$ cat final_16.txt   # compact mmCIF, C-alpha atoms and all ligand atoms
# COMPACT_ATOMS: atom_id res chain seq x y z
CA MET A 103 -3.78 -2.79 -19.58
CA ASN A 104 -2.21 -2.75 -16.14
CA VAL A 105 -3.84 -4.31 -13.08
CA GLY A 106 -2.56 -3.57 -9.57
CA ILE A 107 -3.46 -5.97 -6.78
CA VAL A 108 -3.22 -5.19 -3.08
CA GLY A 109 -2.15 -8.50 -1.51
CA GLY A 110 0.08 -11.05 -3.19
CA GLY A 111 -1.34 -14.41 -2.06
CA GLN A 112 -2.78 -17.25 -4.09
CA LEU A 113 -5.85 -15.27 -5.17
CA ALA A 114 -3.65 -12.58 -6.72
CA ARG A 115 -1.54 -15.32 -8.30
CA MET A 116 -4.57 -16.99 -9.90
CA LEU A 117 -5.91 -13.62 -11.04
CA ALA A 118 -2.62 -12.92 -12.80
CA LEU A 119 -2.52 -16.38 -14.38
CA ALA A 120 -6.06 -15.85 -15.70
CA GLY A 121 -5.25 -12.36 -16.94
CA TYR A 122 -2.18 -13.01 -19.12
CA PRO A 123 -4.19 -14.54 -21.99
CA LEU A 124 -6.23 -11.31 -22.02
CA GLY A 125 -3.02 -9.33 -22.56
CA LEU A 126 -2.98 -7.83 -19.06
CA ARG A 127 0.03 -6.98 -16.90
CA PHE A 128 0.15 -7.26 -13.12
CA GLN A 129 1.85 -5.68 -10.12
CA VAL A 130 1.11 -6.91 -6.61
CA LEU A 131 1.79 -5.09 -3.33
CA ASP A 132 2.56 -7.28 -0.33
CA PRO A 133 4.75 -6.88 2.77
CA ALA A 134 6.08 -10.46 2.45
CA PRO A 135 9.22 -10.83 0.31
CA ASP A 136 8.09 -14.36 -0.65
CA ALA A 137 4.41 -13.54 -1.42
CA CYS A 138 3.47 -16.30 -3.85
CA ALA A 139 1.96 -14.02 -6.53
CA GLY A 140 5.47 -12.60 -6.83
CA GLN A 141 6.46 -15.77 -8.73
CA VAL A 142 4.14 -14.82 -11.60
CA ALA A 143 3.82 -11.01 -11.36
CA LEU A 144 5.97 -8.06 -10.38
CA LEU A 145 6.03 -7.95 -6.58
CA VAL A 146 6.31 -4.55 -4.94
CA GLN A 147 7.33 -5.37 -1.42
CA GLY A 148 5.88 -2.86 1.00
CA ASP A 149 3.56 -2.19 3.85
CA TYR A 150 -0.12 -1.60 3.05
CA HIS A 151 0.15 1.76 4.83
CA ASP A 152 3.14 2.86 2.74
CA GLU A 153 1.72 5.87 0.90
CA ALA A 154 4.62 6.09 -1.57
CA ARG A 155 4.20 2.42 -2.60
CA LEU A 156 0.43 2.83 -2.89
CA ALA A 157 0.84 5.99 -4.97
CA SER A 158 3.26 4.31 -7.38
CA LEU A 159 0.95 1.29 -7.74
CA ALA A 160 -1.91 3.69 -8.50
CA ALA A 161 0.20 5.63 -11.02
CA TRP A 162 1.17 2.43 -12.89
CA ALA A 163 -2.20 0.68 -12.85
CA ASP A 164 -5.33 1.27 -14.94
CA VAL A 165 -7.34 -0.42 -12.21
CA VAL A 166 -6.56 -1.71 -8.72
CA THR A 167 -8.22 -4.65 -6.98
CA PHE A 168 -7.66 -6.72 -3.82
CA ASP A 169 -6.81 -10.30 -2.96
CA PHE A 170 -8.10 -10.00 0.62
CA GLU A 171 -10.84 -7.96 2.26
CA ASN A 172 -8.97 -6.65 5.29
CA VAL A 173 -7.15 -3.97 3.34
CA PRO A 174 -6.65 -1.05 5.75
CA ALA A 175 -9.22 1.68 5.08
CA ASP A 176 -6.52 4.38 4.82
CA ALA A 177 -4.73 2.39 2.08
CA ALA A 178 -7.98 1.96 0.15
CA ARG A 179 -8.64 5.70 0.40
CA VAL A 180 -5.13 6.61 -0.88
CA LEU A 181 -5.77 4.41 -3.91
CA GLU A 182 -9.34 5.56 -4.49
CA GLY A 183 -8.29 9.17 -4.93
CA ARG A 184 -5.84 8.27 -7.73
CA VAL A 185 -7.07 5.28 -9.74
CA ALA A 186 -10.19 3.20 -10.42
CA VAL A 187 -10.56 0.77 -7.46
CA TYR A 188 -12.90 -2.23 -7.69
CA PRO A 189 -14.75 -3.70 -5.86
CA PRO A 190 -15.89 -0.38 -4.35
CA VAL A 191 -14.14 0.55 -1.12
CA GLU A 192 -17.53 0.92 0.58
CA ALA A 193 -18.30 -2.78 -0.05
CA LEU A 194 -14.85 -3.68 1.26
CA ALA A 195 -15.40 -1.65 4.45
CA LEU A 196 -18.81 -3.21 4.97
CA ALA A 197 -17.50 -6.76 4.64
CA GLN A 198 -14.69 -6.01 7.12
CA ASP A 199 -17.20 -5.75 9.95
CA ARG A 200 -19.45 -8.71 10.72
CA LEU A 201 -21.95 -6.38 12.39
CA SER A 202 -22.43 -4.03 9.41
CA GLU A 203 -22.48 -7.04 7.06
CA LYS A 204 -25.23 -8.83 9.03
CA THR A 205 -27.14 -5.56 9.50
CA LEU A 206 -27.16 -5.07 5.72
CA PHE A 207 -28.41 -8.65 5.18
CA TRP A 208 -31.13 -8.06 7.75
CA GLU A 209 -32.19 -4.72 6.20
CA MET A 210 -32.45 -6.43 2.80
CA GLY A 211 -34.60 -9.28 4.10
CA ILE A 212 -31.78 -11.84 3.70
CA PRO A 213 -32.10 -14.29 6.63
CA THR A 214 -29.16 -14.40 9.10
CA PRO A 215 -28.61 -16.08 12.47
CA THR A 216 -30.01 -13.95 15.32
CA PHE A 217 -27.20 -11.59 16.33
CA ALA A 218 -26.30 -8.99 18.94
CA THR A 219 -23.35 -6.66 19.36
CA VAL A 220 -21.08 -7.26 22.39
CA ASP A 221 -18.58 -4.74 23.77
CA SER A 222 -18.49 -5.70 27.46
CA LEU A 223 -19.04 -8.69 29.73
CA GLU A 224 -22.40 -7.19 30.79
CA GLU A 225 -23.45 -6.94 27.14
CA LEU A 226 -22.40 -10.54 26.60
CA HIS A 227 -24.69 -11.64 29.44
CA SER A 228 -27.65 -9.72 27.99
CA ALA A 229 -26.83 -10.86 24.41
CA VAL A 230 -26.95 -14.49 25.58
CA LEU A 231 -30.51 -13.89 26.85
CA ARG A 232 -31.56 -12.44 23.47
CA VAL A 233 -29.70 -14.79 21.12
CA GLU A 234 -30.05 -17.92 23.33
CA LEU A 235 -27.56 -20.77 23.59
CA PRO A 236 -25.82 -22.41 21.90
CA ALA A 237 -24.28 -19.38 20.23
CA VAL A 238 -21.05 -18.33 18.53
CA LEU A 239 -19.04 -15.35 19.79
CA LYS A 240 -16.95 -13.79 17.00
CA THR A 241 -14.65 -10.81 16.67
CA ARG A 242 -16.34 -8.28 14.40
CA ARG A 243 -13.14 -7.69 12.47
CA LEU A 244 -10.17 -9.67 11.14
CA GLY A 245 -11.64 -13.14 11.73
CA TYR A 246 -11.22 -15.69 8.95
CA ASP A 247 -11.09 -19.47 8.54
CA GLY A 248 -12.73 -19.89 11.95
CA LYS A 249 -10.15 -17.69 13.72
CA GLY A 250 -11.42 -15.22 16.32
CA GLN A 251 -14.51 -17.21 17.30
CA ARG A 252 -15.69 -19.47 20.12
CA VAL A 253 -18.81 -21.58 20.48
CA LEU A 254 -20.71 -20.80 23.68
CA ARG A 255 -22.75 -23.82 24.78
CA ALA A 256 -23.54 -23.16 28.45
CA ALA A 257 -23.97 -20.05 30.61
CA GLU A 258 -21.03 -21.25 32.78
CA ASP A 259 -18.73 -20.70 29.77
CA ILE A 260 -19.54 -17.00 29.37
CA GLU A 261 -16.52 -15.78 31.38
CA LEU A 262 -14.24 -18.28 29.63
CA VAL A 263 -15.12 -17.13 26.08
CA TRP A 264 -15.02 -13.52 27.26
CA ARG A 265 -11.45 -14.05 28.52
CA ALA A 266 -10.52 -15.54 25.11
CA LEU A 267 -12.00 -12.80 22.92
CA GLY A 268 -12.99 -9.85 25.15
CA GLY A 269 -11.36 -6.50 24.46
CA ALA A 270 -12.11 -6.42 20.72
CA PRO A 271 -15.58 -5.45 19.39
CA LEU A 272 -17.59 -8.69 19.20
CA ILE A 273 -20.81 -10.10 17.81
CA LEU A 274 -22.81 -12.97 19.30
CA GLU A 275 -24.79 -15.07 16.82
CA SER A 276 -27.10 -18.00 17.35
CA PHE A 277 -25.44 -21.34 16.53
CA VAL A 278 -27.14 -22.70 13.42
CA PRO A 279 -27.44 -26.52 13.45
CA PHE A 280 -27.18 -26.44 9.66
CA GLU A 281 -27.70 -29.39 7.33
CA TYR A 282 -24.94 -28.17 5.06
CA GLU A 283 -23.06 -25.08 3.91
CA VAL A 284 -23.25 -23.56 0.44
CA SER A 285 -22.00 -20.47 -1.32
CA ILE A 286 -22.97 -18.32 -4.25
CA LEU A 287 -20.42 -16.56 -6.41
CA ALA A 288 -21.72 -13.74 -8.53
CA VAL A 289 -20.14 -11.06 -10.67
CA ARG A 290 -21.23 -7.59 -11.75
CA GLY A 291 -19.64 -5.60 -14.56
CA ARG A 292 -19.07 -1.87 -14.85
CA ASP A 293 -22.21 -1.64 -17.00
CA GLY A 294 -24.33 -3.25 -14.27
CA ALA A 295 -24.61 -6.64 -16.03
CA THR A 296 -24.64 -9.56 -13.57
CA ALA A 297 -23.98 -13.29 -13.79
CA CYS A 298 -24.11 -16.00 -11.12
CA TYR A 299 -22.30 -19.33 -10.83
CA SER A 300 -24.16 -22.43 -9.80
CA LEU A 301 -24.67 -23.08 -6.10
CA VAL A 302 -21.59 -24.63 -4.44
CA GLU A 303 -21.74 -27.16 -1.59
CA ASN A 304 -18.95 -26.59 0.97
CA HIS A 305 -17.46 -28.69 3.76
CA HIS A 306 -15.26 -27.22 6.51
CA ARG A 307 -13.09 -28.77 9.23
CA ASP A 308 -11.70 -26.62 12.06
CA GLY A 309 -13.25 -23.58 10.37
CA ILE A 310 -11.24 -24.12 7.15
CA LEU A 311 -12.82 -25.01 3.80
CA ARG A 312 -11.78 -28.55 2.80
CA LEU A 313 -14.08 -29.55 -0.06
CA SER A 314 -16.38 -27.76 -2.52
CA ARG A 315 -18.67 -29.50 -4.98
CA ALA A 316 -20.52 -27.89 -7.89
CA PRO A 317 -22.96 -27.66 -9.44
CA CYS A 318 -25.03 -28.38 -6.38
CA ARG A 319 -28.36 -29.31 -7.94
CA MET A 320 -30.91 -27.66 -5.66
CA PRO A 321 -32.74 -25.32 -8.02
CA GLU A 322 -34.94 -23.62 -5.43
CA LEU A 323 -32.04 -22.80 -3.12
CA GLU A 324 -30.01 -21.69 -6.11
CA ARG A 325 -32.74 -19.31 -7.26
CA GLU A 326 -33.00 -17.89 -3.73
CA GLY A 327 -29.20 -17.44 -3.58
CA TRP A 328 -29.06 -15.78 -6.99
CA ASP A 329 -31.82 -13.38 -5.96
CA TYR A 330 -29.92 -12.39 -2.78
CA ALA A 331 -26.66 -12.06 -4.71
CA ARG A 332 -28.12 -9.90 -7.47
CA ARG A 333 -29.84 -7.62 -4.97
CA LEU A 334 -26.62 -7.25 -2.95
CA LEU A 335 -24.57 -6.51 -6.08
CA ASP A 336 -26.99 -3.78 -7.15
CA ARG A 337 -27.38 -2.34 -3.65
CA LEU A 338 -23.59 -2.03 -3.26
CA ASP A 339 -23.14 -0.79 -6.85
CA TYR A 340 -20.62 -3.59 -6.87
CA ILE A 341 -18.05 -4.32 -9.57
CA GLY A 342 -16.17 -7.64 -9.58
CA VAL A 343 -16.80 -11.06 -8.03
CA LEU A 344 -18.69 -11.30 -4.73
CA ALA A 345 -18.99 -14.52 -2.71
CA ILE A 346 -21.74 -15.14 -0.16
CA GLU A 347 -21.60 -18.06 2.27
CA PHE A 348 -24.82 -19.56 3.60
CA PHE A 349 -25.98 -22.24 6.00
CA VAL A 350 -28.85 -24.44 4.80
CA LYS A 351 -31.45 -25.24 7.45
CA ASP A 352 -34.94 -26.62 6.80
CA GLY A 353 -34.55 -26.00 3.07
CA ARG A 354 -33.79 -22.28 3.48
CA LEU A 355 -30.63 -20.19 3.13
CA ILE A 356 -29.24 -18.35 6.18
CA ALA A 357 -26.46 -15.90 5.29
CA ASN A 358 -23.22 -16.28 7.25
CA GLU A 359 -20.88 -13.83 5.54
CA MET A 360 -19.78 -12.33 2.27
CA ALA A 361 -16.34 -11.86 0.73
CA PRO A 362 -15.83 -8.94 -1.68
CA ARG A 363 -13.36 -10.85 -3.85
CA VAL A 364 -12.74 -14.08 -5.66
CA HIS A 365 -13.23 -16.92 -3.21
CA ASN A 366 -11.83 -20.33 -2.28
CA SER A 367 -15.23 -21.95 -2.93
CA GLY A 368 -14.98 -20.72 -6.53
CA HIS A 369 -11.64 -22.33 -7.42
CA TRP A 370 -13.49 -25.18 -9.17
CA THR A 371 -14.53 -22.66 -11.86
CA LEU A 372 -10.98 -22.78 -13.30
CA GLU A 373 -11.84 -26.08 -14.95
CA GLY A 374 -15.52 -26.47 -14.08
CA ALA A 375 -17.06 -23.34 -15.63
CA GLU A 376 -17.04 -21.75 -19.06
CA THR A 377 -15.32 -18.66 -17.60
CA SER A 378 -13.45 -18.88 -14.30
CA GLN A 379 -14.18 -16.57 -11.36
CA PHE A 380 -10.70 -15.07 -11.86
CA GLU A 381 -11.24 -14.18 -15.51
CA ASN A 382 -14.72 -12.84 -14.81
CA HIS A 383 -13.43 -10.67 -11.95
CA LEU A 384 -10.87 -9.16 -14.35
CA ARG A 385 -13.44 -8.73 -17.10
CA ALA A 386 -15.75 -6.96 -14.64
CA ILE A 387 -13.19 -4.51 -13.20
CA LEU A 388 -11.83 -3.67 -16.66
CA GLY A 389 -15.26 -2.98 -18.14
CA LEU A 390 -15.05 -5.97 -20.51
CA PRO A 391 -18.11 -8.13 -21.34
CA LEU A 392 -18.66 -10.83 -18.71
CA GLY A 393 -18.11 -14.45 -19.73
CA SER A 394 -20.58 -17.30 -19.35
CA THR A 395 -20.74 -18.74 -15.84
CA ALA A 396 -22.20 -22.06 -17.07
CA ALA A 397 -20.85 -25.17 -15.37
CA LEU A 398 -18.97 -27.67 -17.51
CA GLY A 399 -20.07 -31.05 -16.19
CA HIS A 400 -19.34 -31.79 -12.53
CA ALA A 401 -16.50 -30.56 -10.34
CA ALA A 402 -15.06 -31.01 -6.87
CA MET A 403 -12.26 -28.97 -5.31
CA VAL A 404 -10.14 -30.26 -2.43
CA ASN A 405 -7.91 -27.83 -0.53
CA GLY A 406 -4.30 -28.71 0.25
CA ILE A 407 -3.79 -27.51 3.84
CA ASP A 408 -0.20 -27.68 5.23
CA ASP A 409 1.01 -29.50 2.12
CA LEU A 410 -0.12 -31.03 -1.15
CA PRO A 411 -0.03 -34.70 -2.18
CA GLU A 412 2.59 -35.71 -4.68
CA ARG A 413 1.93 -34.29 -8.17
CA ALA A 414 2.28 -37.48 -10.24
CA THR A 415 0.00 -39.50 -7.95
CA VAL A 416 -2.75 -36.88 -8.24
CA LEU A 417 -2.40 -36.43 -11.98
CA ALA A 418 -2.81 -40.19 -12.51
CA ILE A 419 -6.45 -39.82 -11.37
CA PRO A 420 -8.92 -39.31 -14.23
CA GLY A 421 -10.26 -35.74 -14.25
CA ALA A 422 -7.71 -34.43 -11.72
CA HIS A 423 -6.05 -31.00 -12.00
CA TYR A 424 -3.24 -29.83 -9.75
CA HIS A 425 -2.76 -26.27 -8.47
CA ALA A 426 0.30 -25.58 -6.32
CA TYR A 427 0.53 -22.00 -5.05
CA GLY A 428 4.32 -21.96 -4.63
CA LYS A 429 4.01 -21.48 -0.86
CA ALA A 430 6.17 -23.05 1.83
CA SER A 431 4.38 -25.58 4.02
CA ARG A 432 3.17 -24.19 7.36
CA PRO A 433 0.49 -25.56 9.74
CA GLY A 434 -3.02 -24.50 8.69
CA ARG A 435 -1.77 -22.80 5.51
CA LYS A 436 -3.54 -23.24 2.16
CA VAL A 437 -0.73 -24.29 -0.17
CA GLY A 438 -2.72 -25.51 -3.15
CA HIS A 439 -5.83 -27.28 -4.34
CA ILE A 440 -6.87 -30.19 -6.50
CA THR A 441 -9.87 -30.05 -8.81
CA LEU A 442 -11.68 -33.07 -10.19
CA ARG A 443 -13.80 -32.34 -13.25
CA ALA A 444 -15.70 -34.67 -15.53
CA ASP A 445 -18.91 -34.86 -17.52
CA ASP A 446 -19.81 -38.02 -15.58
CA PRO A 447 -20.43 -37.36 -11.85
CA GLY A 448 -19.29 -40.94 -11.15
CA VAL A 449 -15.79 -40.04 -12.34
CA VAL A 450 -15.68 -37.09 -9.92
CA ARG A 451 -16.93 -39.30 -7.06
CA ALA A 452 -14.34 -41.98 -7.84
CA GLY A 453 -11.61 -39.32 -8.02
CA LEU A 454 -12.65 -37.91 -4.64
CA GLU A 455 -12.43 -41.36 -3.08
CA ARG A 456 -8.77 -41.40 -4.07
CA VAL A 457 -7.90 -37.74 -3.33
CA LEU A 458 -9.54 -37.37 0.10
CA PRO A 459 -7.30 -39.98 1.82
CA MET A 460 -4.28 -38.17 0.34
CA VAL A 461 -5.23 -35.06 2.35
CA GLY A 462 -6.05 -36.90 5.57
CA PHE A 463 -9.76 -37.65 5.21
CA SER A 464 -11.61 -40.92 4.80
CA PRO A 465 -13.12 -41.43 1.32
CA ASP A 466 -16.68 -40.99 2.67
CA GLU A 467 -15.85 -38.19 5.15
CA PHE A 468 -18.11 -35.61 3.52
CA GLY A 469 -21.02 -37.86 2.47
P1 LIG A 501 -16.81 -17.90 9.53
O1 LIG A 501 -15.44 -17.45 9.91
O2 LIG A 501 -17.90 -17.01 10.03
O3 LIG A 501 -16.94 -18.17 8.04
O4 LIG A 501 -17.02 -19.33 10.21
C1 LIG A 501 -16.25 -20.44 9.85
C2 LIG A 501 -17.07 -21.70 9.99
O5 LIG A 501 -17.55 -21.85 11.34
C3 LIG A 501 -18.36 -21.70 9.14
O6 LIG A 501 -18.10 -22.09 7.82
C4 LIG A 501 -19.20 -22.70 9.91
O7 LIG A 501 -18.80 -24.03 9.62
C5 LIG A 501 -18.88 -22.38 11.36
N1 LIG A 501 -19.83 -21.35 11.87
C6 LIG A 501 -19.65 -20.02 11.84
N2 LIG A 501 -20.73 -19.37 12.36
C7 LIG A 501 -21.62 -20.32 12.72
C8 LIG A 501 -22.94 -20.29 13.29
N3 LIG A 501 -23.55 -19.14 13.62
N4 LIG A 501 -23.55 -21.49 13.49
C9 LIG A 501 -22.96 -22.65 13.18
N5 LIG A 501 -21.72 -22.74 12.65
C10 LIG A 501 -21.05 -21.60 12.40
$ encode --input "final_16.txt" --output "structure tokens"
Amino acid sequence: MNVGIVGGGQLARMLALAGYPLGLRFQVLDPAPDACAGQVALLVQGDYHDEARLASLAAWADVVTFDFENVPADAARVLEGRVAVYPPVEALALAQDRLSEKTLFWEMGIPTPTFATVDSLEELHSAVLRVELPAVLKTRRLGYDGKGQRVLRAAEDIELVWRALGGAPLILESFVPFEYEVSILAVRGRDGATACYSLVENHHRDGILRLSRAPCRMPELEREGWDYARRLLDRLDYIGVLAIEFFVKDGRLIANEMAPRVHNSGHWTLEGAETSQFENHLRAILGLPLGSTAALGHAAMVNGIDDLPERATVLAIPGAHYHAYGKASRPGRKVGHITLRADDPGVVRAGLERVLPMVGFSPDEFG
């Protein structure tokens, strides 16, 4: 069977690598001639608005999926009319706009930070009165890894953050003094079957994910997260993997955002779960039975930002696995990740103490 992927980054690359044992073939569409999925799948170089390229991808593929959520709506519509497209374009469109995403959470009784829409300086002033400070001003669209957002701590800063972000549609949210951040990855098949991975504990620096640990043994939070995830999957008639990121405050989950795709905080599942998020996404979109999401022991995933430590040094660490994405080093760019997996959590902890300094953090940076 043929799988087309819009976007040829590391997520597409890991989808293809997970799909070859299932006998699948892959084509990826990406404007960049060096898109890293092109090293392991046929790369069709082209703009996402290029109707001819989209039509030929649709003609070749049995199913088309995405490696990023900001696929232009017109491209998604061209595909949808010609081939099965999963996750559904409606879910994609919803997740592209922080306002519609948070409104959906709110309608479904999933807690979120207090939020208000902001389209002018006057609206920002009135939103600050409603949301209260400190708050975070974010662009509604195209923000990722902490880009397109500013923390607003004092009323004197209103004009300053407006100058930085004003002009685009914005959302102001209350700043959550969270205890930690977690995510839930869940998958829904074409037959409506669902499965959830264990709760993941996440640590960011400068808005970029640095470390994920799973399973995060907090059964009550996990049950709450699974309930939200299952309800969202059913509500969206979703097919594929969905990731939801939460803050944890006073023992409760507060939803930050969702990603309608495989997710960085699920990379540990390659070694740390019975079936990886990549394989389960493919199983879901192809109408195959879902695989078990059970965790295999304990896992930690450390992102390689800018560059990756030397391969042999990492592989000398018990339980370490090395994933280079074949990308050139560039500031702030995710170029690979390292997973530590072991039955004994002490082995994972000891491995982290060695890996974290290799990527610029102290061994006890993340507690
Ligand atoms: P986002 O792009 O919304 O995922 O935000 C990136 C990171 O910024 C999050 O993972 C948090 O660490 C931080 N952040 C975003 N929104 C808030 C908020 N409302 N309160 C506190 N921290 C936030």
$ closest_residue --input "final_16.txt" --among "A:Gly368, A:Asp445, A:Thr214, A:Ile260" --to "Val350 of chain A" --atoms "all atoms listed in the file"
A:Thr214
$ residues_around --input "final_16.txt" --residues "Leu267 of chain A" --least-positions-apart "6" --cutoff "9 Å" --atoms "only C-alpha atoms" --output "PDB file with C-alpha atoms, in the frame of the given file"
ATOM      1  CA  LEU A 239     -19.040 -15.350  19.790  1.00  0.00           C
ATOM      2  CA  LYS A 240     -16.950 -13.790  17.000  1.00  0.00           C
ATOM      3  CA  THR A 241     -14.650 -10.810  16.670  1.00  0.00           C
ATOM      4  CA  GLY A 250     -11.420 -15.220  16.320  1.00  0.00           C
ATOM      5  CA  GLN A 251     -14.510 -17.210  17.300  1.00  0.00           C
ATOM      6  CA  ARG A 252     -15.690 -19.470  20.120  1.00  0.00           C
TER       7      ARG A 252
END
$ residues_near_ligand --input "final_16.txt" --ligand "ligand LIG 501 (chain A)" --cutoff "10 Å" --atoms "all atoms listed in the file" --output "number ranges by chain"
A: 200, 214-217, 236-242, 244-253, 274-280, 282-284, 304-311, 346-349, 356-361
$ write_last_selection --input "final_16.txt" --atoms "C-alpha atoms" --output "PDB file, in the coordinates of the input"
ATOM      1  CA  ARG A 200     -19.450  -8.710  10.720  1.00  0.00           C
ATOM      2  CA  THR A 214     -29.160 -14.400   9.100  1.00  0.00           C
ATOM      3  CA  PRO A 215     -28.610 -16.080  12.470  1.00  0.00           C
ATOM      4  CA  THR A 216     -30.010 -13.950  15.320  1.00  0.00           C
ATOM      5  CA  PHE A 217     -27.200 -11.590  16.330  1.00  0.00           C
ATOM      6  CA  PRO A 236     -25.820 -22.410  21.900  1.00  0.00           C
ATOM      7  CA  ALA A 237     -24.280 -19.380  20.230  1.00  0.00           C
ATOM      8  CA  VAL A 238     -21.050 -18.330  18.530  1.00  0.00           C
ATOM      9  CA  LEU A 239     -19.040 -15.350  19.790  1.00  0.00           C
ATOM     10  CA  LYS A 240     -16.950 -13.790  17.000  1.00  0.00           C
ATOM     11  CA  THR A 241     -14.650 -10.810  16.670  1.00  0.00           C
ATOM     12  CA  ARG A 242     -16.340  -8.280  14.400  1.00  0.00           C
ATOM     13  CA  LEU A 244     -10.170  -9.670  11.140  1.00  0.00           C
ATOM     14  CA  GLY A 245     -11.640 -13.140  11.730  1.00  0.00           C
ATOM     15  CA  TYR A 246     -11.220 -15.690   8.950  1.00  0.00           C
ATOM     16  CA  ASP A 247     -11.090 -19.470   8.540  1.00  0.00           C
ATOM     17  CA  GLY A 248     -12.730 -19.890  11.950  1.00  0.00           C
ATOM     18  CA  LYS A 249     -10.150 -17.690  13.720  1.00  0.00           C
ATOM     19  CA  GLY A 250     -11.420 -15.220  16.320  1.00  0.00           C
ATOM     20  CA  GLN A 251     -14.510 -17.210  17.300  1.00  0.00           C
ATOM     21  CA  ARG A 252     -15.690 -19.470  20.120  1.00  0.00           C
ATOM     22  CA  VAL A 253     -18.810 -21.580  20.480  1.00  0.00           C
ATOM     23  CA  LEU A 274     -22.810 -12.970  19.300  1.00  0.00           C
ATOM     24  CA  GLU A 275     -24.790 -15.070  16.820  1.00  0.00           C
ATOM     25  CA  SER A 276     -27.100 -18.000  17.350  1.00  0.00           C
ATOM     26  CA  PHE A 277     -25.440 -21.340  16.530  1.00  0.00           C
ATOM     27  CA  VAL A 278     -27.140 -22.700  13.420  1.00  0.00           C
ATOM     28  CA  PRO A 279     -27.440 -26.520  13.450  1.00  0.00           C
ATOM     29  CA  PHE A 280     -27.180 -26.440   9.660  1.00  0.00           C
ATOM     30  CA  TYR A 282     -24.940 -28.170   5.060  1.00  0.00           C
ATOM     31  CA  GLU A 283     -23.060 -25.080   3.910  1.00  0.00           C
ATOM     32  CA  VAL A 284     -23.250 -23.560   0.440  1.00  0.00           C
ATOM     33  CA  ASN A 304     -18.950 -26.590   0.970  1.00  0.00           C
ATOM     34  CA  HIS A 305     -17.460 -28.690   3.760  1.00  0.00           C
ATOM     35  CA  HIS A 306     -15.260 -27.220   6.510  1.00  0.00           C
ATOM     36  CA  ARG A 307     -13.090 -28.770   9.230  1.00  0.00           C
ATOM     37  CA  ASP A 308     -11.700 -26.620  12.060  1.00  0.00           C
ATOM     38  CA  GLY A 309     -13.250 -23.580  10.370  1.00  0.00           C
ATOM     39  CA  ILE A 310     -11.240 -24.120   7.150  1.00  0.00           C
ATOM     40  CA  LEU A 311     -12.820 -25.010   3.800  1.00  0.00           C
ATOM     41  CA  ILE A 346     -21.740 -15.140  -0.160  1.00  0.00           C
ATOM     42  CA  GLU A 347     -21.600 -18.060   2.270  1.00  0.00           C
ATOM     43  CA  PHE A 348     -24.820 -19.560   3.600  1.00  0.00           C
ATOM     44  CA  PHE A 349     -25.980 -22.240   6.000  1.00  0.00           C
ATOM     45  CA  ILE A 356     -29.240 -18.350   6.180  1.00  0.00           C
ATOM     46  CA  ALA A 357     -26.460 -15.900   5.290  1.00  0.00           C
ATOM     47  CA  ASN A 358     -23.220 -16.280   7.250  1.00  0.00           C
ATOM     48  CA  GLU A 359     -20.880 -13.830   5.540  1.00  0.00           C
ATOM     49  CA  MET A 360     -19.780 -12.330   2.270  1.00  0.00           C
ATOM     50  CA  ALA A 361     -16.340 -11.860   0.730  1.00  0.00           C
TER      51      ALA A 361
END
$ atom_distance --input "final_16.txt" --atom1 "atom CA of Leu113 of chain A" --atom2 "atom CA of Gln379 of chain A"
10.5 Å
$ closest_residue --input "final_16.txt" --among "A:Asp152, A:Glu381, A:Asp199, A:Asp164" --to "Pro133 of chain A" --atoms "all atoms listed in the file"
A:Asp152
$ residues_around --input "final_16.txt" --residues "segment 422-437 of chain A" --least-positions-apart "4" --cutoff "10 Å" --atoms "only C-alpha atoms" --output "ChimeraX atom specification"
/A:111-113,115-116,136-142,247,308,310-312,366,369-370,372-373,401-403,405-418,441-444,449-450,453-454,457
$ atom_distance --input "final_16.txt" --atom1 "atom CA of Thr296 of chain A" --atom2 "atom CA of Ala386 of chain A"
9.3 Å
$ closest_residue --input "final_16.txt" --among "A:Ala331, A:Ala396, A:Val165, A:Ala177" --to "Tyr299 of chain A" --atoms "all atoms listed in the file"
A:Ala396
$ atom_distance --input "final_16.txt" --atom1 "atom CA of His383 of chain A" --atom2 "atom CA of Met210 of chain A"
24.4 Å
$ residues_around --input "final_16.txt" --residues "segment 285-292 of chain A" --least-positions-apart "3" --cutoff "8 Å" --atoms "only C-alpha atoms" --output "ChimeraX atom specification"
/A:295-304,327-328,331-332,335,340-348,365,367-368,379,382-383,385-392
$ residues_around --input "final_16.txt" --residues "Leu126 of chain A" --least-positions-apart "6" --cutoff "8 Å" --atoms "all atoms listed in the file" --output "ChimeraX atom specification"
/A:103-105
$ residues_around --input "final_16.txt" --residues "Leu235 of chain A" --least-positions-apart "6" --cutoff "7 Å" --atoms "only C-alpha atoms" --output "PyMOL selection string"
chain A and resi 254-256+276
$ closest_residue --input "final_16.txt" --among "A:Val364, A:Ala266, A:Leu272, A:Val191" --to "Asp221 of chain A" --atoms "all atoms listed in the file"
A:Leu272
$ closest_residue --input "final_16.txt" --among "A:Leu131, A:Pro420, A:Asp352, A:Gly469" --to "Arg456 of chain A" --atoms "only C-alpha atoms"
A:Pro420
$ residues_near_point --input "final_16.txt" --point "(-35.8, -24.0, 0.8)" --cutoff "9 Å" --atoms "only C-alpha atoms" --output "list in words"
Met320, Glu322, Leu323, Glu326, Val350, Lys351, Asp352, Gly353, Arg354 and Leu355 of chain A
$ closest_residue --input "final_16.txt" --among "A:Leu384, A:Val233, A:Leu223, A:Leu117" --to "Val263 of chain A" --atoms "all atoms listed in the file"
A:Leu223
